[in-house]
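File shown here: query.txt, holding compact mmCIF, C-alpha atoms and all ligand atoms.
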# COMPACT_ATOMS: atom_id res chain seq x y z
CA MET A 1 -8.24 -3.56 12.74
CA ASP A 2 -8.96 -0.26 11.08
CA VAL A 3 -6.58 0.51 8.28
CA HIS A 4 -7.30 4.20 8.76
CA ASP A 5 -5.39 4.11 12.03
CA TYR A 6 -2.39 3.77 9.73
CA PHE A 7 -3.31 5.51 6.49
CA ALA A 8 -5.50 8.50 5.73
CA LYS A 9 -8.42 7.71 3.41
CA LYS A 10 -6.79 9.29 0.34
CA GLU A 11 -3.53 7.54 0.91
CA TRP A 12 -5.27 4.20 1.31
CA LYS A 13 -7.22 4.75 -1.87
CA PHE A 14 -3.96 5.29 -3.70
CA ILE A 15 -2.42 2.13 -2.21
CA LYS A 16 -5.52 0.07 -3.04
CA SER A 17 -5.72 1.20 -6.61
CA PHE A 18 -2.04 0.44 -7.08
CA ALA A 19 -2.37 -2.95 -5.39
CA ASP A 20 -5.39 -3.94 -7.48
CA LYS A 21 -3.27 -3.77 -10.61
CA HIS A 22 -0.75 -6.37 -9.46
CA GLN A 23 -0.64 -10.03 -8.60
CA THR A 24 0.27 -11.02 -5.07
CA PRO A 25 2.52 -11.37 -3.23
CA PHE A 26 4.45 -8.11 -3.47
CA LEU A 27 5.79 -5.27 -1.40
CA VAL A 28 4.92 -1.71 -2.26
CA VAL A 29 6.89 1.07 -0.59
CA LEU A 30 5.66 4.67 -0.56
CA LEU A 31 8.69 6.87 -1.02
CA ASP A 32 6.74 9.87 0.30
CA ILE A 33 6.69 8.19 3.70
CA VAL A 34 10.39 7.35 3.62
CA LYS A 35 11.10 11.02 2.92
CA GLU A 36 8.75 12.17 5.66
CA LYS A 37 10.35 9.85 8.23
CA PHE A 38 13.83 11.05 7.37
CA LEU A 39 12.83 14.72 7.56
CA ASP A 40 10.96 14.16 10.85
CA LEU A 41 13.97 12.51 12.40
CA ARG A 42 16.25 15.31 11.28
CA LYS A 43 13.82 17.84 12.70
CA HIS A 44 13.65 16.12 16.08
CA LEU A 45 17.37 15.25 16.40
CA PRO A 46 18.90 18.18 14.50
CA TYR A 47 22.34 17.74 16.03
CA ALA A 48 22.74 14.13 14.88
CA ARG A 49 24.37 13.00 11.66
CA ILE A 50 22.16 10.32 10.14
CA PHE A 51 23.69 7.16 8.66
CA TYR A 52 20.83 5.10 7.20
CA ALA A 53 21.39 1.38 7.92
CA VAL A 54 21.27 0.05 4.37
CA LYS A 55 20.46 -3.53 5.36
CA ALA A 56 16.95 -2.53 6.47
CA ASN A 57 16.02 -1.96 2.83
CA PRO A 58 18.78 -1.60 0.25
CA ALA A 59 16.53 -0.65 -2.70
CA THR A 60 18.13 1.74 -5.17
CA GLU A 61 15.13 4.07 -4.94
CA ILE A 62 15.56 4.42 -1.19
CA ILE A 63 19.32 4.89 -1.30
CA THR A 64 19.15 7.60 -3.95
CA LEU A 65 16.28 9.37 -2.21
CA LEU A 66 18.08 9.42 1.15
CA ASP A 67 21.31 10.50 -0.49
CA ARG A 68 19.48 13.41 -2.05
CA LEU A 69 18.09 14.36 1.36
CA GLY A 70 21.61 14.45 2.81
CA SER A 71 21.80 11.09 4.57
CA SER A 72 24.98 9.15 5.10
CA PHE A 73 24.99 5.34 5.13
CA ASP A 74 25.91 2.54 7.48
CA VAL A 75 27.22 -0.29 5.34
CA ALA A 76 27.25 -3.94 6.39
CA SER A 77 29.32 -5.63 3.67
CA VAL A 78 31.44 -5.13 0.56
CA TYR A 79 28.37 -6.05 -1.48
CA GLU A 80 26.42 -3.11 -0.10
CA LEU A 81 29.56 -0.99 -0.52
CA ARG A 82 29.82 -1.83 -4.23
CA LYS A 83 26.14 -1.09 -4.75
CA LEU A 84 26.36 2.31 -3.08
CA LEU A 85 29.50 3.31 -4.94
CA ALA A 86 27.90 2.27 -8.22
CA LEU A 87 25.01 4.60 -7.37
CA GLY A 88 27.51 7.44 -7.05
CA ILE A 89 27.37 7.77 -3.26
CA SER A 90 30.51 9.42 -1.91
CA PRO A 91 32.74 7.23 0.29
CA ASP A 92 32.88 10.19 2.71
CA SER A 93 29.31 9.46 3.65
CA LEU A 94 29.84 5.75 4.33
CA SER A 95 30.81 3.92 7.47
CA CYS A 96 31.66 0.26 7.78
CA GLY A 97 29.44 -0.72 10.68
CA ASN A 98 29.84 -4.48 10.76
CA THR A 99 32.27 -5.72 13.39
CA ILE A 100 32.56 -9.06 11.58
CA LYS A 101 34.55 -8.73 8.38
CA LYS A 102 37.44 -10.19 6.45
CA LYS A 103 40.75 -8.41 6.14
CA GLN A 104 40.40 -8.24 2.36
CA ASP A 105 37.00 -6.60 2.80
CA ILE A 106 38.50 -3.94 5.05
CA GLU A 107 41.08 -3.37 2.33
CA GLU A 108 38.32 -2.88 -0.24
CA PHE A 109 36.48 -0.39 1.98
CA TYR A 110 39.72 1.51 2.53
CA LYS A 111 40.73 1.56 -1.12
CA SER A 112 37.25 2.83 -1.97
CA GLY A 113 37.85 5.78 0.33
CA VAL A 114 35.90 4.74 3.45
CA ARG A 115 37.62 5.93 6.64
CA LEU A 116 35.12 5.04 9.39
CA PHE A 117 35.22 1.52 10.84
CA VAL A 118 33.51 -0.09 13.81
CA THR A 119 35.20 -2.84 15.79
CA ASP A 120 34.66 -4.84 18.96
CA SER A 121 37.57 -7.31 19.02
CA GLU A 122 41.34 -7.29 18.98
CA MET A 123 41.61 -9.47 15.89
CA ASP A 124 39.38 -7.19 13.85
CA LEU A 125 41.15 -4.09 15.17
CA ARG A 126 44.54 -5.45 14.10
CA ASN A 127 43.10 -6.21 10.66
CA ILE A 128 41.85 -2.62 10.42
CA ALA A 129 45.27 -1.29 11.48
CA ALA A 130 46.93 -3.38 8.76
CA ALA A 131 44.42 -2.86 5.93
CA ALA A 132 43.14 0.65 6.70
CA PRO A 133 46.09 2.55 8.21
CA GLY A 134 45.16 5.80 9.94
CA ALA A 135 41.40 5.16 9.75
CA LYS A 136 38.97 6.37 12.41
CA VAL A 137 37.61 3.62 14.63
CA PHE A 138 34.56 3.26 16.78
CA VAL A 139 34.57 0.60 19.45
CA ARG A 140 31.17 -0.96 19.94
CA VAL A 141 30.13 -1.67 23.50
CA LEU A 142 27.50 -4.03 24.82
CA THR A 143 24.29 -2.49 26.11
CA GLU A 144 21.35 -3.49 28.24
CA GLY A 145 17.88 -3.80 26.79
CA PHE A 146 17.64 -7.35 25.42
CA SER A 147 14.29 -7.91 27.05
CA THR A 148 12.67 -4.69 25.86
CA ALA A 149 13.74 -4.85 22.20
CA ASP A 150 11.55 -6.85 19.83
CA TRP A 151 14.58 -7.77 17.75
CA PRO A 152 17.61 -7.64 20.07
CA LEU A 153 21.03 -7.37 18.42
CA SER A 154 23.37 -6.67 21.20
CA ARG A 155 24.82 -9.93 22.43
CA LYS A 156 26.48 -10.88 19.16
CA PHE A 157 28.01 -7.42 18.81
CA GLY A 158 29.91 -5.18 21.15
CA CYS A 159 32.31 -5.86 23.99
CA GLN A 160 32.48 -5.19 27.72
CA THR A 161 33.64 -1.78 28.90
CA GLU A 162 37.07 -2.94 30.01
CA MET A 163 37.80 -4.55 26.70
CA ALA A 164 36.61 -1.40 24.92
CA LEU A 165 39.14 0.65 26.90
CA GLU A 166 41.93 -1.77 25.94
CA LEU A 167 40.90 -1.65 22.29
CA PHE A 168 41.01 2.15 22.23
CA LEU A 169 44.51 2.10 23.72
CA LEU A 170 45.57 -0.52 21.19
CA ALA A 171 44.01 1.46 18.33
CA LYS A 172 46.15 4.45 19.20
CA LYS A 173 49.26 2.29 19.48
CA CYS A 174 48.57 0.82 16.01
CA GLY A 175 48.34 4.24 14.38
CA LEU A 176 44.55 4.35 14.10
CA VAL A 177 42.42 7.28 15.27
CA PRO A 178 40.32 6.32 18.34
CA TYR A 179 37.28 8.22 17.17
CA GLY A 180 34.20 7.24 19.13
CA ILE A 181 32.01 4.81 20.97
CA SER A 182 29.25 2.98 19.20
CA PHE A 183 26.35 0.98 20.53
CA HIS A 184 23.03 -0.43 19.39
CA VAL A 185 20.35 -0.80 22.04
CA GLY A 186 18.46 -3.47 20.05
CA SER A 187 16.08 -3.05 17.16
CA GLN A 188 12.51 -1.90 17.88
CA GLN A 189 13.62 -0.88 21.37
CA ARG A 190 10.60 -0.02 23.50
CA ASP A 191 12.36 1.22 26.62
CA ILE A 192 13.79 4.67 25.97
CA SER A 193 15.76 4.66 29.22
CA VAL A 194 18.05 2.01 27.73
CA TRP A 195 19.70 4.87 25.82
CA ASN A 196 20.48 6.51 29.15
CA ALA A 197 22.38 3.47 30.40
CA ALA A 198 24.35 3.27 27.15
CA LEU A 199 25.17 6.99 27.22
CA GLY A 200 26.25 6.73 30.86
CA LYS A 201 28.66 3.99 29.85
CA SER A 202 29.88 6.12 26.94
CA ARG A 203 30.53 9.02 29.29
CA TYR A 204 32.52 6.79 31.63
CA ILE A 205 34.69 5.55 28.74
CA ILE A 206 35.26 9.05 27.39
CA ASP A 207 36.38 10.32 30.82
CA TRP A 208 38.63 7.33 31.43
CA LEU A 209 40.35 7.71 28.07
CA ARG A 210 40.84 11.45 28.55
CA GLU A 211 43.08 10.62 31.53
CA GLU A 212 45.11 8.49 29.12
CA GLY A 213 45.45 11.34 26.66
CA ILE A 214 42.83 10.05 24.21
CA GLU A 215 40.05 12.43 23.24
CA LEU A 216 37.07 10.66 21.66
CA GLU A 217 35.03 12.94 19.43
CA CYS A 218 31.91 10.99 18.68
CA VAL A 219 29.15 8.80 20.05
CA ASN A 220 27.39 6.58 17.52
CA MET A 221 24.00 5.63 18.96
CA GLY A 222 23.14 3.03 16.31
CA GLY A 223 19.51 2.16 15.56
CA GLY A 224 16.61 0.96 17.67
CA LEU A 225 14.01 3.57 16.74
CA PRO A 226 10.62 1.98 16.18
CA GLY A 227 8.27 1.02 13.40
CA ASP A 228 4.54 1.13 13.96
CA TYR A 229 3.52 -2.48 14.65
CA ILE A 230 0.62 -4.13 16.51
CA GLU A 231 2.20 -3.43 19.86
CA LYS A 232 2.31 0.34 19.96
CA SER A 233 5.48 2.25 20.62
CA GLN A 234 6.04 5.87 21.53
CA SER A 235 6.16 8.56 18.86
CA ILE A 236 9.46 9.68 17.38
CA GLU A 237 9.03 13.01 19.22
CA THR A 238 8.99 11.16 22.53
CA TYR A 239 12.03 9.08 21.63
CA ALA A 240 13.91 12.17 20.47
CA GLU A 241 12.99 14.16 23.57
CA GLY A 242 14.07 11.32 25.84
CA ILE A 243 17.35 10.72 24.04
CA SER A 244 18.17 14.44 23.86
CA HIS A 245 17.49 14.75 27.58
CA TYR A 246 19.80 11.82 28.36
CA LEU A 247 22.49 13.35 26.17
CA GLU A 248 22.28 16.64 28.03
CA GLU A 249 22.39 14.88 31.39
CA ASN A 250 25.38 12.77 30.50
CA PHE A 251 27.31 15.49 28.71
CA THR A 252 26.63 18.62 30.75
CA GLU A 253 29.73 20.47 29.54
CA GLY A 254 29.17 19.90 25.84
CA MET A 255 28.00 17.13 23.60
CA PRO A 256 30.30 15.02 21.47
CA GLU A 257 29.51 14.68 17.80
CA ILE A 258 26.46 12.41 17.52
CA ILE A 259 25.71 9.79 14.87
CA ILE A 260 22.53 7.74 14.58
CA GLU A 261 21.96 4.79 12.27
CA PRO A 262 18.23 4.30 11.82
CA GLY A 263 17.11 1.47 9.58
CA ARG A 264 13.71 0.21 10.67
CA TYR A 265 12.31 3.62 11.63
CA ILE A 266 13.05 5.13 8.20
CA VAL A 267 11.48 2.44 6.02
CA ALA A 268 9.19 0.15 8.04
CA ASP A 269 5.99 2.19 7.95
CA ALA A 270 6.42 3.04 4.29
CA GLY A 271 5.90 -0.56 3.16
CA ILE A 272 2.83 -2.71 2.62
CA ILE A 273 3.06 -6.37 1.66
CA VAL A 274 0.00 -7.44 -0.28
CA SER A 275 -0.78 -11.13 -0.15
CA GLU A 276 -3.80 -13.30 -0.77
CA VAL A 277 -5.35 -16.24 1.00
CA VAL A 278 -4.38 -19.53 -0.64
CA LEU A 279 -6.62 -21.68 1.55
CA SER A 280 -8.11 -21.84 4.97
CA ALA A 281 -8.67 -25.09 6.81
CA LYS A 282 -9.57 -26.82 10.05
CA LYS A 283 -7.78 -29.96 11.17
CA SER A 284 -11.01 -31.62 12.20
CA LYS A 285 -14.68 -30.81 11.86
CA THR A 286 -14.93 -29.93 15.54
CA SER A 287 -11.65 -28.07 15.83
CA LEU A 288 -11.83 -24.53 17.12
CA GLU A 289 -8.69 -23.59 15.29
CA ARG A 290 -8.76 -22.29 11.78
CA TRP A 291 -5.56 -22.17 9.74
CA VAL A 292 -5.22 -19.45 7.14
CA PHE A 293 -2.53 -19.96 4.50
CA SER A 294 -1.20 -16.84 2.85
CA ASP A 295 0.95 -16.65 -0.29
CA VAL A 296 3.55 -14.73 1.66
CA GLY A 297 5.38 -16.38 4.55
CA LYS A 298 8.63 -16.58 6.46
CA PHE A 299 10.74 -17.35 3.40
CA ASN A 300 9.44 -14.68 1.05
CA GLY A 301 9.30 -11.60 3.22
CA LEU A 302 8.14 -12.25 6.76
CA MET A 303 11.38 -13.51 8.30
CA GLU A 304 11.02 -11.18 11.28
CA SER A 305 7.90 -13.02 12.36
CA LEU A 306 10.40 -15.62 13.63
CA ASN A 307 9.34 -16.41 17.21
CA GLU A 308 6.55 -13.92 16.54
CA ALA A 309 9.08 -11.20 17.36
CA ILE A 310 7.64 -8.58 15.02
CA LYS A 311 3.86 -8.52 14.80
CA TYR A 312 2.69 -6.70 11.72
CA PRO A 313 -0.72 -5.11 11.60
CA ILE A 314 -2.68 -7.17 9.06
CA PHE A 315 -5.65 -5.65 7.32
CA CYS A 316 -8.11 -8.00 5.74
CA GLU A 317 -10.64 -6.56 3.33
CA ALA A 318 -13.25 -9.27 3.68
CA LYS A 319 -16.04 -8.43 6.10
CA GLY A 320 -17.88 -10.77 8.48
CA GLU A 321 -17.83 -12.13 11.97
CA LEU A 322 -14.30 -12.40 13.31
CA GLU A 323 -12.62 -15.53 14.62
CA GLU A 324 -9.16 -16.29 15.90
CA VAL A 325 -6.84 -17.85 13.34
CA ILE A 326 -3.41 -19.38 12.94
CA ILE A 327 -1.61 -17.75 10.02
CA ALA A 328 0.91 -19.68 7.97
CA GLY A 329 2.93 -19.26 4.77
CA PRO A 330 2.76 -21.26 1.55
CA THR A 331 5.90 -23.44 1.70
CA CYS A 332 6.25 -27.12 2.61
CA ASP A 333 7.97 -26.32 5.87
CA SER A 334 6.19 -26.23 9.20
CA MET A 335 8.61 -23.55 10.33
CA ASP A 336 6.67 -21.39 7.88
CA THR A 337 3.95 -20.80 10.46
CA ILE A 338 3.73 -17.09 10.99
CA TYR A 339 1.50 -16.39 14.00
CA GLU A 340 0.05 -18.99 16.31
CA ASP A 341 0.54 -17.76 19.90
CA TYR A 342 -0.58 -14.27 19.11
CA LYS A 343 -4.19 -14.48 18.01
CA TYR A 344 -5.07 -12.50 14.94
CA GLU A 345 -8.76 -12.32 14.09
CA PHE A 346 -10.06 -12.70 10.54
CA PRO A 347 -13.58 -13.02 9.13
CA ALA A 348 -14.83 -16.59 9.46
CA ASP A 349 -15.81 -16.91 5.80
CA LEU A 350 -12.44 -15.90 4.38
CA LYS A 351 -12.06 -17.22 0.82
CA PRO A 352 -9.12 -18.08 -1.41
CA GLY A 353 -8.09 -14.94 -3.24
CA ASP A 354 -9.13 -12.58 -0.42
CA ARG A 355 -6.39 -10.09 0.08
CA LEU A 356 -4.33 -9.49 3.21
CA TYR A 357 -2.41 -6.24 3.65
CA TRP A 358 0.60 -6.51 5.95
CA LEU A 359 1.31 -2.99 7.13
CA SER A 360 4.64 -1.53 8.27
CA THR A 361 6.57 -4.08 6.24
CA GLY A 362 9.11 -1.79 4.55
CA ALA A 363 12.03 -2.89 6.74
CA TYR A 364 13.77 -6.27 6.86
CA THR A 365 11.30 -7.98 4.53
CA ALA A 366 12.21 -7.98 0.84
CA SER A 367 15.91 -7.89 1.77
CA TYR A 368 15.38 -10.87 4.04
CA CYS A 369 13.93 -13.38 1.55
CA SER A 370 15.22 -16.81 0.67
CA VAL A 371 16.02 -17.44 -2.98
CA GLU A 372 13.68 -20.02 -4.45
CA PHE A 373 13.04 -22.12 -1.37
CA ASN A 374 10.33 -24.52 -2.64
CA GLY A 375 10.69 -22.68 -5.91
CA PHE A 376 9.03 -19.53 -4.59
CA PRO A 377 10.77 -16.45 -5.98
CA PRO A 378 11.92 -13.61 -3.73
CA LEU A 379 9.26 -11.00 -3.05
CA LYS A 380 8.41 -8.62 -5.88
CA THR A 381 8.90 -4.99 -4.90
CA PHE A 382 7.57 -1.65 -6.10
CA TYR A 383 8.81 1.75 -5.00
CA VAL A 384 6.33 4.48 -5.78
CA TRP A 385 5.58 8.14 -5.14
CA ARG A 386 2.07 9.08 -4.23
CA LYS A 387 2.79 12.69 -5.10
CA PRO A 388 5.53 12.69 -7.71
C1 LIG B 1 21.01 -3.10 11.83
C2 LIG B 1 21.83 -1.97 12.31
C3 LIG B 1 21.26 -0.70 12.47
C4 LIG B 1 19.80 -0.43 12.24
O1 LIG B 1 19.03 -0.78 13.32
P1 LIG B 1 17.46 -0.45 13.35
O2 LIG B 1 17.02 -0.94 14.68
O3 LIG B 1 16.84 -1.11 12.19
O4 LIG B 1 17.32 1.03 13.25
C5 LIG B 1 22.08 0.31 12.88
N1 LIG B 1 23.39 0.13 13.11
C6 LIG B 1 23.99 -1.07 12.97
C7 LIG B 1 25.44 -1.21 13.22
C8 LIG B 1 23.23 -2.15 12.56
O5 LIG B 1 23.82 -3.34 12.44
Would you encode the structure as structure tokens?
Amino acid sequence: MDVHDYFAKKEWKFIKSFADKHQTPFLVVLLDIVKEKFLDLRKHLPYARIFYAVKANPATEIITLLDRLGSSFDVASVYELRKLLALGISPDSLSCGNTIKKKQDIEEFYKSGVRLFVTDSEMDLRNIAAAAPGAKVFVRVLTEGFSTADWPLSRKFGCQTEMALELFLLAKKCGLVPYGISFHVGSQQRDISVWNAALGKSRYIIDWLREEGIELECVNMGGGLPGDYIEKSQSIETYAEGISHYLEENFTEGMPEIIIEPGRYIVADAGIIVSEVVLSAKKSKTSLERWVFSDVGKFNGLMESLNEAIKYPIFCEAKGELEEVIIAGPTCDSMDTIYEDYKYEFPADLKPGDRLYWLSTGAYTASYCSVEFNGFPPLKTFYVWRKP
């Protein structure tokens, strides 16, 4: 692969000279790119309020940067909540987006001043009514699109339309504010028309509830916007155009308030994991297959290579004739094989110490590490500005 398909020459020179000063493995995130992604998204979806999904990369540098740019935040747990509050983020710009939570956690969110909660079950809704009286609730609905998302999320979260209607009615009865519909079409969603199906469902629910005297104000479209991996996806302009068009079609007489919760799109392309080759080996003299062992693997940053779901572009500096390889991580666990079905090609004479650059690894990597499995520490991280 050509690294200049991803980074301009100058930018790559900066990354290289930074990387050369540090021992592998580590993740370096360019904050310039995070900023650019956020501003691009705001430009292309100007009507949407952006809640960054903190779980994608909860680094302090990213949170404070996005806060400065005017982002709000989608928060997955009380631990993220405490971190954001400690950084001085206002509770007005937080929403509790996890549908799976303890009653005492809801209480903590509420006492901290958070008033937006997402639910998808009666038990959770009753907990919200008890621990967060008068709060605004979103009901999350199931969506299509499992097969076209690289990292589908939808089956665990959300409920069927009929149950959503019942939950909205119950929310009103319990003194909560039925505020909006939320959905998530699946992370790294490649089929833009999946948003259309979800918005059509939203429209149906909004109309049905209006007959019951409930006026929903908001549609929360979740995440799903892409990072730039081996399998190409459309540009953010194309996503935004498609989604805007579907919104206009489904809401001809005026759009509800719109929220989006990008995680991956904001941070993925800003990150580069730098690793080095530990060893490479064949299992027999005549074997066609060469194994390449890297000092980064599934347990210290590359969790999303599970089932080869996310395929990162890997740039290898060594030159030479290319051959297909199996790439694996450094731990004593055979599950720590990274790519075997998908054939990456590396130079045949790869040596220990040769560096591998895993591009578009800013999302769901450092925050997705095991702690000291086999004694390996979590991934080191650096957050840097190219142009301060
Ligand atoms: C994880 C998550 C997101 C972010 O999804 P991406 O596909 O990374 O943009 C958004 N909203 C909710 C509720 C989530 O759980």
Point to revise | Long-range neighbours of A:Ser90 as a list in words, 10 Å cut-off, all atoms listed in the file, 6 positions minimum in chain | key: Asp67, Ser72, Phe73, Leu84, Ser112, Gly113 and Val114 of chain A
Could you dump the residues just selected with C-alpha atoms as a CSV table (one decimal), in the coordinates of the input?
chain,number,residue,atom,x,y,z
A,67,ASP,CA,21.3,10.5,-0.5
A,72,SER,CA,25.0,9.2,5.1
A,73,PHE,CA,25.0,5.3,5.1
A,84,LEU,CA,26.4,2.3,-3.1
A,112,SER,CA,37.2,2.8,-2.0
A,113,GLY,CA,37.8,5.8,0.3
A,114,VAL,CA,35.9,4.7,3.4
Point to revise | Polymer residues at most 12 Å from A:Ile338, only C-alpha atoms, same-chain spacing of 2 or more positions, as JSON, numbers by chain | key: {"A": [291, 292, 293, 294, 295, 296, 297, 298, 299, 300, 301, 302, 303, 304, 305, 306, 307, 308, 309, 310, 311, 312, 314, 325, 326, 327, 328, 329, 330, 331, 333, 334, 335, 336, 340, 341, 342, 343, 344]}
**Study point:** Spatial neighbours of A:Ala197, max dist 12 Å, all atoms listed in the file, sep filter under 5 positions, as a PyMOL selection string
**Key:** chain A and resi 141-145+183-185+191-192+202-204+221+243+246-247+249-250
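All polymer residues at most 9 Å from (23.3, 0.5, 14.9), using only C-alpha atoms, appear as Ala53, Asp74, Gly97, Leu153, Ser182, Phe183, His184, Val185, Gly186, Ser187, Asn220, Met221, Gly222, Gly223, Gly224, Ile260, Glu261, Pro262 and Gly263 of chain A.
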Writer output for current selection, C-alpha atoms, as a short mmCIF file (atom, residue, chain, number, x, y, z; two decimals), keeping the file's coordinate frame:
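The result, written out as part.cif:
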data_model
loop_
_atom_site.label_atom_id
_atom_site.label_comp_id
_atom_site.auth_asym_id
_atom_site.auth_seq_id
_atom_site.Cartn_x
_atom_site.Cartn_y
_atom_site.Cartn_z
CA ALA A 53 21.39 1.38 7.92
CA ASP A 74 25.91 2.54 7.48
CA GLY A 97 29.44 -0.72 10.68
CA LEU A 153 21.03 -7.37 18.42
CA SER A 182 29.25 2.98 19.20
CA PHE A 183 26.35 0.98 20.53
CA HIS A 184 23.03 -0.43 19.39
CA VAL A 185 20.35 -0.80 22.04
CA GLY A 186 18.46 -3.47 20.05
CA SER A 187 16.08 -3.05 17.16
CA ASN A 220 27.39 6.58 17.52
CA MET A 221 24.00 5.63 18.96
CA GLY A 222 23.14 3.03 16.31
CA GLY A 223 19.51 2.16 15.56
CA GLY A 224 16.61 0.96 17.67
CA ILE A 260 22.53 7.74 14.58
CA GLU A 261 21.96 4.79 12.27
CA PRO A 262 18.23 4.30 11.82
CA GLY A 263 17.11 1.47 9.58
#
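Closest approach to ligand LIG 1 (chain B) among A:Gln188, A:Ser17, A:Thr148, A:Thr286: A:Gln188, based on all atoms listed in the file.
Among the candidate residues A:Leu125, A:Val219, A:Ile100, A:Val78, the one lying nearest to A:Leu176 is A:Leu125, with distances computed using all atoms listed in the file.
Our summary of the geometry notes that atom CA of A:Cys369 is positioned 26.4 Å from atom CA of A:Phe14.
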